[in-house]
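A.B. asks: final09.csv is reproduced in full below (CSV, C-alpha atoms).
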chain,number,residue,atom,x,y,z
A,1,MET,CA,37.8,182.2,82.8
A,2,SER,CA,41.5,182.3,83.7
A,3,GLN,CA,42.1,179.2,81.6
A,4,ARG,CA,40.5,180.9,78.6
A,5,ASN,CA,42.5,184.0,79.0
A,6,GLU,CA,45.6,181.9,79.2
A,7,THR,CA,44.8,180.2,75.9
A,8,ILE,CA,44.2,183.6,74.3
A,9,GLU,CA,47.5,184.9,75.7
A,10,THR,CA,49.6,181.9,74.6
A,11,GLY,CA,48.1,181.4,71.2
A,12,ASN,CA,47.9,185.0,70.1
A,13,LEU,CA,45.0,185.8,67.7
A,14,MET,CA,44.1,182.2,66.9
A,15,HIS,CA,41.4,181.3,64.6
A,16,GLY,CA,38.0,180.6,66.2
A,17,ALA,CA,38.0,176.9,65.4
A,18,GLU,CA,41.5,176.2,66.5
A,19,HIS,CA,41.0,178.2,69.6
A,20,LYS,CA,37.9,176.2,70.5
A,21,HIS,CA,39.7,172.9,69.8
A,22,ASP,CA,42.6,173.9,72.0
A,23,ASP,CA,40.3,174.9,74.8
A,24,HIS,CA,38.4,171.7,74.3
A,25,HIS,CA,41.4,169.5,74.5
A,26,HIS,CA,42.5,171.0,77.7
A,27,HIS,CA,39.1,170.5,79.1
A,28,ASP,CA,39.2,166.8,78.2
A,29,GLU,CA,42.4,166.3,80.0
A,30,ASP,CA,41.5,167.9,83.2
A,31,ASP,CA,38.1,166.2,83.4
A,32,GLY,CA,38.6,163.0,85.3
A,33,ALA,CA,40.5,163.6,88.4
A,34,SER,CA,43.4,165.5,87.1
A,35,HIS,CA,42.6,168.9,88.6
A,36,SER,CA,42.7,167.4,92.1
A,37,THR,CA,45.9,168.3,93.8
A,38,PHE,CA,47.4,167.4,97.2
A,39,LYS,CA,47.2,171.1,98.2
A,40,GLY,CA,43.6,171.3,97.2
A,41,TYR,CA,42.6,168.2,99.2
A,42,MET,CA,44.6,169.3,102.2
A,43,THR,CA,43.1,172.8,102.1
A,44,GLY,CA,39.6,171.3,102.0
A,45,PHE,CA,40.4,168.9,104.8
A,46,VAL,CA,41.8,171.5,107.1
A,47,LEU,CA,38.9,173.8,106.5
A,48,SER,CA,36.4,171.0,107.0
A,49,VAL,CA,38.1,170.0,110.3
A,50,ILE,CA,37.8,173.6,111.6
A,51,LEU,CA,34.3,174.0,110.3
A,52,THR,CA,33.3,170.7,112.0
A,53,ALA,CA,35.1,171.2,115.3
A,54,ILE,CA,33.6,174.7,116.0
A,55,PRO,CA,29.9,173.7,115.9
A,56,PHE,CA,30.6,170.6,118.0
A,57,TRP,CA,32.5,172.8,120.5
A,58,LEU,CA,29.7,175.5,120.5
A,59,VAL,CA,27.0,172.9,121.3
A,60,MET,CA,29.0,170.7,123.7
A,61,THR,CA,30.2,173.6,125.8
A,62,GLY,CA,26.9,175.5,125.5
A,63,PHE,CA,28.7,178.6,124.3
A,64,PHE,CA,25.6,180.7,123.5
A,65,GLU,CA,22.8,181.2,126.0
A,66,SER,CA,20.1,181.0,123.4
A,67,SER,CA,19.4,177.8,121.5
A,68,ASN,CA,18.2,179.8,118.5
A,69,THR,CA,21.5,181.7,118.2
A,70,THR,CA,23.4,178.4,118.4
A,71,ALA,CA,21.1,176.8,115.8
A,72,PHE,CA,21.6,179.6,113.3
A,73,VAL,CA,25.4,179.7,113.8
A,74,ILE,CA,25.9,176.0,113.4
A,75,LEU,CA,23.6,176.0,110.3
A,76,GLY,CA,25.8,178.7,108.9
A,77,PHE,CA,28.9,176.7,109.6
A,78,ALA,CA,27.2,173.7,107.9
A,79,ALA,CA,26.4,175.7,104.8
A,80,VAL,CA,30.0,177.0,104.5
A,81,GLN,CA,31.4,173.5,105.0
A,82,ILE,CA,29.1,172.1,102.2
A,83,VAL,CA,30.5,174.8,99.9
A,84,VAL,CA,34.0,173.8,100.9
A,85,HIS,CA,33.4,170.2,100.2
A,86,MET,CA,31.8,171.1,96.8
A,87,ILE,CA,34.8,173.1,95.8
A,88,TYR,CA,37.7,171.1,97.2
A,89,PHE,CA,36.5,167.5,97.2
A,90,LEU,CA,33.8,167.4,94.4
A,91,HIS,CA,35.8,169.9,92.3
A,92,MET,CA,32.7,171.9,91.4
A,93,ASN,CA,33.2,174.8,89.1
A,94,ALA,CA,31.3,176.5,86.3
A,95,ARG,CA,33.5,174.9,83.6
A,96,SER,CA,33.1,171.1,84.3
A,97,GLU,CA,31.0,169.4,81.7
A,98,GLU,CA,30.6,172.7,80.0
A,99,GLY,CA,28.5,174.1,82.8
A,100,TRP,CA,26.0,171.3,83.0
A,101,ASN,CA,27.2,170.1,86.4
A,102,MET,CA,26.7,173.6,87.8
A,103,LEU,CA,23.3,174.0,86.1
A,104,ALA,CA,22.1,170.7,87.6
A,105,LEU,CA,23.5,171.7,91.0
A,106,ILE,CA,21.7,175.1,90.9
A,107,PHE,CA,18.5,173.4,89.9
A,108,THR,CA,18.8,170.9,92.7
A,109,VAL,CA,19.6,173.6,95.2
A,110,VAL,CA,16.5,175.5,94.2
A,111,LEU,CA,14.3,172.3,94.6
A,112,VAL,CA,16.0,171.5,98.0
A,113,VAL,CA,15.3,175.0,99.3
A,114,ILE,CA,11.7,174.9,98.1
A,115,THR,CA,11.2,171.4,99.7
A,116,LEU,CA,12.8,172.3,103.0
A,117,ALA,CA,11.5,175.9,103.5
A,118,GLY,CA,8.1,175.0,102.1
A,119,SER,CA,7.6,172.0,104.3
A,120,LEU,CA,8.8,173.7,107.5
A,121,TRP,CA,6.8,176.8,106.7
A,122,VAL,CA,3.5,175.0,105.9
A,123,MET,CA,3.7,172.5,108.7
A,124,PHE,CA,4.7,175.1,111.3
A,125,HIS,CA,1.5,177.0,110.4
A,126,LEU,CA,-0.5,173.9,110.4
A,127,ASN,CA,0.8,173.0,113.8
A,128,ALA,CA,0.3,176.5,115.1
A,129,ASN,CA,-3.3,176.8,113.8
A,130,MET,CA,-4.7,173.3,114.1
A,131,MET,CA,-3.1,171.6,117.0
A,132,PRO,CA,-5.3,171.4,120.1
A,133,THR,CA,-4.1,173.8,122.7
A,134,MET,CA,-2.8,172.6,126.1
A,135,HIS,CA,-6.2,173.3,127.6
A,136,ASP,CA,-8.0,171.1,125.0
A,137,MET,CA,-5.4,168.4,125.6
A,138,GLN,CA,-6.1,168.4,129.3
A,139,ASN,CA,-9.8,168.1,128.6
A,140,MET,CA,-9.2,165.2,126.3
A,141,LEU,CA,-7.2,163.2,129.0
B,142,MET,CA,51.9,194.1,82.9
B,143,LYS,CA,49.7,191.1,82.5
B,144,SER,CA,46.2,192.4,82.8
B,145,PRO,CA,46.4,195.2,80.1
B,146,LYS,CA,47.6,192.6,77.7
B,147,LEU,CA,44.6,190.4,78.4
B,148,ASN,CA,42.2,193.3,78.1
B,149,LEU,CA,43.7,194.3,74.8
B,150,THR,CA,43.9,190.9,73.2
B,151,GLU,CA,40.4,189.7,73.8
B,152,PRO,CA,38.6,192.5,71.9
B,153,VAL,CA,41.2,192.3,69.2
B,154,CYS,CA,40.6,188.6,68.8
B,155,LEU,CA,36.9,189.0,68.6
B,156,LEU,CA,37.2,191.9,66.2
B,157,ASN,CA,39.5,189.8,64.0
B,158,MET,CA,37.0,186.9,64.0
B,159,SER,CA,34.1,189.1,63.1
B,160,ASN,CA,36.1,190.8,60.3
B,161,ALA,CA,37.1,187.4,59.0
B,162,THR,CA,33.5,186.2,58.8
B,163,ALA,CA,32.3,189.4,57.2
B,164,ILE,CA,35.0,189.3,54.5
B,165,SER,CA,35.2,185.6,53.9
B,166,HIS,CA,31.6,184.8,53.7
B,167,PRO,CA,30.8,185.9,50.2
B,168,GLY,CA,34.3,185.4,48.9
B,169,SER,CA,36.7,182.5,49.3
B,170,VAL,CA,35.9,178.8,49.5
B,171,GLU,CA,38.4,177.6,52.1
B,172,ALA,CA,37.5,180.1,54.7
B,173,PRO,CA,34.4,178.3,56.1
B,174,GLU,CA,36.6,175.3,56.8
B,175,LYS,CA,38.8,177.3,59.0
B,176,LEU,CA,36.0,179.1,60.8
B,177,ARG,CA,33.9,176.4,62.4
B,178,PHE,CA,31.4,177.5,65.0
B,179,TYR,CA,30.1,174.0,65.7
B,180,VAL,CA,31.8,170.8,66.8
B,181,PRO,CA,32.1,168.6,63.7
B,182,GLU,CA,32.2,165.2,65.5
B,183,GLU,CA,30.6,163.9,68.6
B,184,HIS,CA,32.8,164.9,71.5
B,185,HIS,CA,34.0,163.2,74.6
B,186,PRO,CA,31.4,160.3,75.0
B,187,LYS,CA,33.5,159.0,78.0
B,188,ASN,CA,32.4,162.0,80.1
B,189,GLY,CA,28.8,161.3,79.6
B,190,THR,CA,29.0,158.8,82.5
B,191,LEU,CA,30.4,161.5,84.8
B,192,LEU,CA,27.6,163.9,84.0
B,193,GLY,CA,25.0,161.2,84.3
B,194,PHE,CA,26.4,160.1,87.6
B,195,TRP,CA,26.3,163.7,88.8
B,196,LEU,CA,22.6,163.9,87.8
B,197,TYR,CA,22.1,160.7,89.8
B,198,LEU,CA,23.7,162.3,92.8
B,199,MET,CA,21.5,165.4,92.4
B,200,SER,CA,18.4,163.2,92.4
B,201,ASP,CA,19.8,161.4,95.5
B,202,CYS,CA,20.2,164.8,97.0
B,203,LEU,CA,16.4,165.4,96.4
B,204,ILE,CA,15.7,162.1,98.3
B,205,PHE,CA,17.7,163.4,101.2
B,206,ALA,CA,16.0,166.8,101.0
B,207,CYS,CA,12.6,165.1,101.4
B,208,LEU,CA,13.9,163.1,104.4
B,209,PHE,CA,15.4,166.2,105.9
B,210,ALA,CA,12.1,168.0,105.4
B,211,MET,CA,10.3,165.2,107.1
B,212,TYR,CA,12.7,165.2,110.0
B,213,GLY,CA,12.4,169.0,110.2
B,214,VAL,CA,8.6,168.7,110.5
B,215,LEU,CA,8.5,165.7,112.8
B,216,GLY,CA,11.8,166.0,114.7
B,217,ARG,CA,10.2,167.6,117.8
B,218,SER,CA,7.1,165.3,118.0
B,219,TYR,CA,8.3,163.1,120.8
B,220,ALA,CA,4.9,161.6,121.8
B,221,ALA,CA,6.0,161.9,125.4
B,222,GLY,CA,8.9,159.7,124.6
B,223,PRO,CA,12.7,160.4,124.7
B,224,SER,CA,14.0,163.4,122.9
B,225,GLY,CA,17.3,163.9,121.1
B,226,ALA,CA,18.9,165.5,124.2
B,227,ASP,CA,18.1,162.3,126.1
B,228,LEU,CA,19.4,159.9,123.5
B,229,PHE,CA,22.3,161.4,121.5
B,230,ASP,CA,25.8,160.9,122.6
B,231,LEU,CA,27.7,163.8,120.9
B,232,SER,CA,31.2,162.5,121.6
B,233,LEU,CA,30.3,159.3,119.7
B,234,ILE,CA,28.9,161.4,116.8
B,235,ALA,CA,32.1,163.5,116.9
B,236,VAL,CA,34.2,160.3,116.5
B,237,SER,CA,32.0,158.9,113.6
B,238,THR,CA,32.1,162.4,111.9
B,239,SER,CA,35.9,162.4,112.0
B,240,MET,CA,35.9,158.8,110.6
B,241,LEU,CA,33.9,159.9,107.6
B,242,LEU,CA,35.9,163.1,107.1
B,243,LEU,CA,39.2,161.2,107.3
B,244,SER,CA,37.8,158.7,104.8
B,245,SER,CA,37.1,161.5,102.4
B,246,ILE,CA,40.7,162.7,102.5
B,247,THR,CA,42.1,159.2,102.2
B,248,TYR,CA,39.9,158.7,99.1
B,249,GLY,CA,41.3,162.0,97.8
B,250,PHE,CA,44.8,160.6,98.3
B,251,ALA,CA,43.8,157.4,96.4
B,252,MET,CA,42.8,159.6,93.5
B,253,LEU,CA,46.1,161.4,93.6
B,254,GLU,CA,48.0,158.1,93.5
B,255,MET,CA,45.8,157.0,90.6
B,256,GLN,CA,47.0,160.1,88.7
B,257,ARG,CA,50.5,158.9,89.3
B,258,LYS,CA,49.5,155.4,88.1
B,259,ARG,CA,50.7,153.7,91.3
B,260,VAL,CA,48.4,150.7,91.8
B,261,ASN,CA,49.5,149.5,95.2
B,262,ALA,CA,49.5,153.0,96.8
B,263,THR,CA,46.0,153.5,95.4
B,264,LEU,CA,44.9,150.2,96.8
B,265,LEU,CA,46.4,151.1,100.2
B,266,TRP,CA,44.5,154.4,100.4
B,267,LEU,CA,41.3,152.8,99.1
B,268,GLY,CA,41.7,150.1,101.7
B,269,LEU,CA,42.2,152.7,104.4
B,270,THR,CA,39.1,154.5,103.2
B,271,GLY,CA,37.2,151.3,103.4
B,272,VAL,CA,38.4,150.7,107.0
B,273,LEU,CA,37.3,154.2,108.0
B,274,GLY,CA,33.9,153.8,106.3
B,275,ALA,CA,33.4,150.5,108.0
B,276,ALA,CA,34.3,152.1,111.4
B,277,PHE,CA,31.7,154.7,110.7
B,278,ILE,CA,29.1,152.1,109.9
B,279,GLY,CA,30.2,150.1,113.0
B,280,LEU,CA,29.6,153.1,115.2
B,281,GLU,CA,26.2,153.7,113.6
B,282,ILE,CA,25.1,150.1,114.1
B,283,TYR,CA,26.3,150.4,117.7
B,284,GLU,CA,24.3,153.6,118.2
B,285,PHE,CA,21.2,152.1,116.7
B,286,ALA,CA,21.5,148.9,118.8
B,287,HIS,CA,22.0,151.0,121.9
B,288,LEU,CA,18.8,153.1,121.1
B,289,ILE,CA,16.8,150.0,120.4
B,290,HIS,CA,18.0,148.5,123.6
B,291,LEU,CA,16.8,151.6,125.5
B,292,GLY,CA,13.4,151.1,123.9
B,293,ALA,CA,13.8,154.1,121.5
B,294,VAL,CA,12.6,152.1,118.6
B,295,PRO,CA,11.3,153.7,115.3
B,296,GLN,CA,7.7,152.8,116.4
B,297,ARG,CA,8.1,154.9,119.6
B,298,SER,CA,7.4,158.4,118.2
B,299,ALA,CA,7.4,160.4,115.0
B,300,PHE,CA,10.7,161.9,116.0
B,301,LEU,CA,12.3,158.4,116.2
B,302,SER,CA,10.7,157.2,113.0
B,303,SER,CA,12.0,160.1,111.0
B,304,PHE,CA,15.4,159.9,112.7
B,305,PHE,CA,15.9,156.2,111.9
B,306,VAL,CA,14.8,156.7,108.3
B,307,LEU,CA,17.0,159.7,107.7
B,308,VAL,CA,20.1,158.4,109.4
B,309,GLY,CA,19.5,154.9,108.2
B,310,THR,CA,19.2,155.9,104.6
B,311,HIS,CA,22.5,157.7,104.8
B,312,GLY,CA,24.1,154.6,106.5
B,313,LEU,CA,22.6,152.4,103.8
B,314,HIS,CA,24.3,154.6,101.2
B,315,VAL,CA,27.6,154.2,103.0
B,316,VAL,CA,27.2,150.4,103.1
B,317,PHE,CA,26.6,150.3,99.3
B,318,GLY,CA,29.6,152.7,98.9
B,319,LEU,CA,31.7,150.2,100.8
B,320,ILE,CA,30.5,147.2,98.7
B,321,TRP,CA,31.3,149.3,95.5
B,322,LEU,CA,34.7,150.2,97.0
B,323,ILE,CA,35.6,146.5,97.6
B,324,VAL,CA,34.5,145.5,94.1
B,325,LEU,CA,36.5,148.3,92.6
B,326,MET,CA,39.6,147.4,94.6
B,327,LEU,CA,39.4,143.9,93.1
B,328,GLN,CA,38.9,145.4,89.7
B,329,VAL,CA,41.9,147.6,90.0
B,330,LYS,CA,44.0,144.8,91.3
B,331,LYS,CA,43.0,142.6,88.4
B,332,HIS,CA,42.9,145.0,85.5
B,333,GLY,CA,45.0,148.0,86.7
B,334,PHE,CA,44.1,151.6,85.6
B,335,ILE,CA,42.2,150.9,82.4
B,336,ILE,CA,39.9,153.7,81.3
B,337,GLU,CA,36.9,152.0,82.7
B,338,ASN,CA,38.4,151.6,86.2
B,339,ARG,CA,39.5,155.2,86.2
B,340,ARG,CA,36.0,156.3,85.4
B,341,ARG,CA,34.5,154.0,88.0
B,342,LEU,CA,37.0,155.3,90.6
B,343,PHE,CA,36.0,158.8,89.7
B,344,CYS,CA,32.3,158.1,90.1
B,345,LEU,CA,32.8,156.4,93.4
B,346,SER,CA,34.9,159.5,94.5
B,347,MET,CA,31.9,161.7,93.7
B,348,PHE,CA,29.6,159.3,95.6
B,349,TRP,CA,31.8,159.1,98.6
B,350,HIS,CA,32.4,162.9,98.9
B,351,PHE,CA,28.7,163.4,98.3
B,352,LEU,CA,27.9,161.2,101.3
B,353,ASP,CA,30.2,163.3,103.4
B,354,VAL,CA,28.3,166.4,102.3
B,355,VAL,CA,25.0,164.8,103.4
B,356,TRP,CA,26.5,163.8,106.7
B,357,ILE,CA,27.3,167.5,107.3
B,358,GLY,CA,23.6,168.1,107.1
B,359,VAL,CA,22.8,165.1,109.4
B,360,PHE,CA,25.2,165.9,112.2
B,361,THR,CA,24.3,169.6,112.2
B,362,PHE,CA,20.5,169.3,111.7
B,363,VAL,CA,19.8,166.1,113.6
B,364,TYR,CA,22.4,165.6,116.2
B,365,LEU,CA,23.7,169.1,117.1
B,366,MET,CA,20.4,170.8,116.9
B,367,GLY,CA,18.7,167.8,118.4
B,368,VAL,CA,20.5,168.2,121.8
B,369,LEU,CA,19.9,171.9,122.0
B,370,PRO,CA,17.6,172.7,124.9
Can the structure in the file be given as structure tokens, please?
C.D. replies:
Amino acid sequence: MSQRNETIETGNLMHGAEHKHDDHHHHDEDDGASHSTFKGYMTGFVLSVILTAIPFWLVMTGFFESSNTTAFVILGFAAVQIVVHMIYFLHMNARSEEGWNMLALIFTVVLVVITLAGSLWVMFHLNANMMPTMHDMQNML
Amino acid sequence: MKSPKLNLTEPVCLLNMSNATAISHPGSVEAPEKLRFYVPEEHHPKNGTLLGFWLYLMSDCLIFACLFAMYGVLGRSYAAGPSGADLFDLSLIAVSTSMLLLSSITYGFAMLEMQRKRVNATLLWLGLTGVLGAAFIGLEIYEFAHLIHLGAVPQRSAFLSSFFVLVGTHGLHVVFGLIWLIVLMLQVKKHGFIIENRRRLFCLSMFWHFLDVVWIGVFTFVYLMGVLP
């Protein structure tokens, strides 16, 4: 969006076609790796180190009493770190490949969420409802 | 100063365009040439590879989603065997995690050197990436060998089967990434930064960073959550 505004600002009142061409040219150049910068990589790296170190520290020191709290907190850190990697290392944005990268990513995320949440949900209920109880197990032994 | 200008120019630009179409459409002949709302030639075929590779990564992501779902379902079925808390050595995992994270940043530096067209510096960073990746794989093989030595083999329980499949699949990806890395280093050494090599390096960059993303899921979901009481 900012890139587009810039183009509009520099080439005042361009014609539609020229405008599109200019935008397009720019896009061509910064595809490949050219929008990776030292600063971007270092930001991503420092954030990743912090977001990795904290969950390890939480688990290894047993910071929280309850396992569930720890699990939710470290899953949260993992989610944030995945976003950090996507932005700073994989250079995800809504513009690359004219939005197709982002579209494919969103589609995949939806499928991943359905796969994970669906499996865990269904199998948890299956376990809860169909597994023999402790009492049955003792009878079986 | 800046933002009012932006807010003004954009509507003006749009207005101008719509006026131009409205007026020029019935009238002049040259106007349709200036106003093109389609791309006349096929554009950037070279980037088709990058999009295609991204789609491959997304489908790979679905494979890992299935393996994670399997581990999520079976990860606590110990069959009276050892649990994650008995087996996992978190300090070892912390070391291998930092190896993979460091290899991500060294690959990033290799890409930056590629932008500056410095072949030797790129090869140096790529080599360092390879060494760190190999160290990661070495630690993983050591861990697997240790587990098998303890009798915690994949056949022991559903937990161990799903653990070995999930972590092993990731490790296999890293091994193939390493092979690709070595082949690419030879290619770059021989041919320099031709367009094909730049494209391949960029694809491997996506692959390598993607593996690091998957590893975030592995160390959180398998190792850290596995040792929780």
A.B. asks: Of the candidates A:Ile82, A:Glu65, A:Asn127, A:Gly76, which shows the shortest atom-to-atom distance to chain B, using only C-alpha atoms?
C.D. replies: A:Ile82
A.B. asks: Give me, as an NGL selection string, all polymer residues having an atom no more than 10 Å from Leu291 of chain B, counting only C-alpha atoms and skipping those fewer than 6 positions away in the same chain.
C.D. replies: :B and (223 or 228 or 285)
A.B. asks: Rank A:Arg95, A:His125, A:Lys39, A:His85 by their smallest atom-to-atom distance to chain B, using only C-alpha atoms, and report the top residue only.
C.D. replies: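 The shortest atom-to-atom distance to chain B comes from A:His85.
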A.B. asks: Could you write out as a ChimeraX atom specification the residues of chain B within 8 Å of chain A, counting all atoms listed in the file?
C.D. replies: /B:146-147,150-151,153-154,157-158,175-178,185,188,192,195-196,199-200,202-203,206-207,209-211,213-214,231,235,242,245-246,249-250,252-253,256,339-340,343,346-347,350-351,354,357-358,361-362,365-366,369-370
A.B. asks: Let me make sure I understand: among B:Ser298, B:Ser239, B:Thr190, B:Ser232, which one has the smallest atom-to-atom distance to Ile50 of chain A if we use only C-alpha atoms?
C.D. replies: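 Comparing B:Ser298, B:Ser239, B:Thr190, B:Ser232 against Ile50 of chain A, the winner is B:Ser239.
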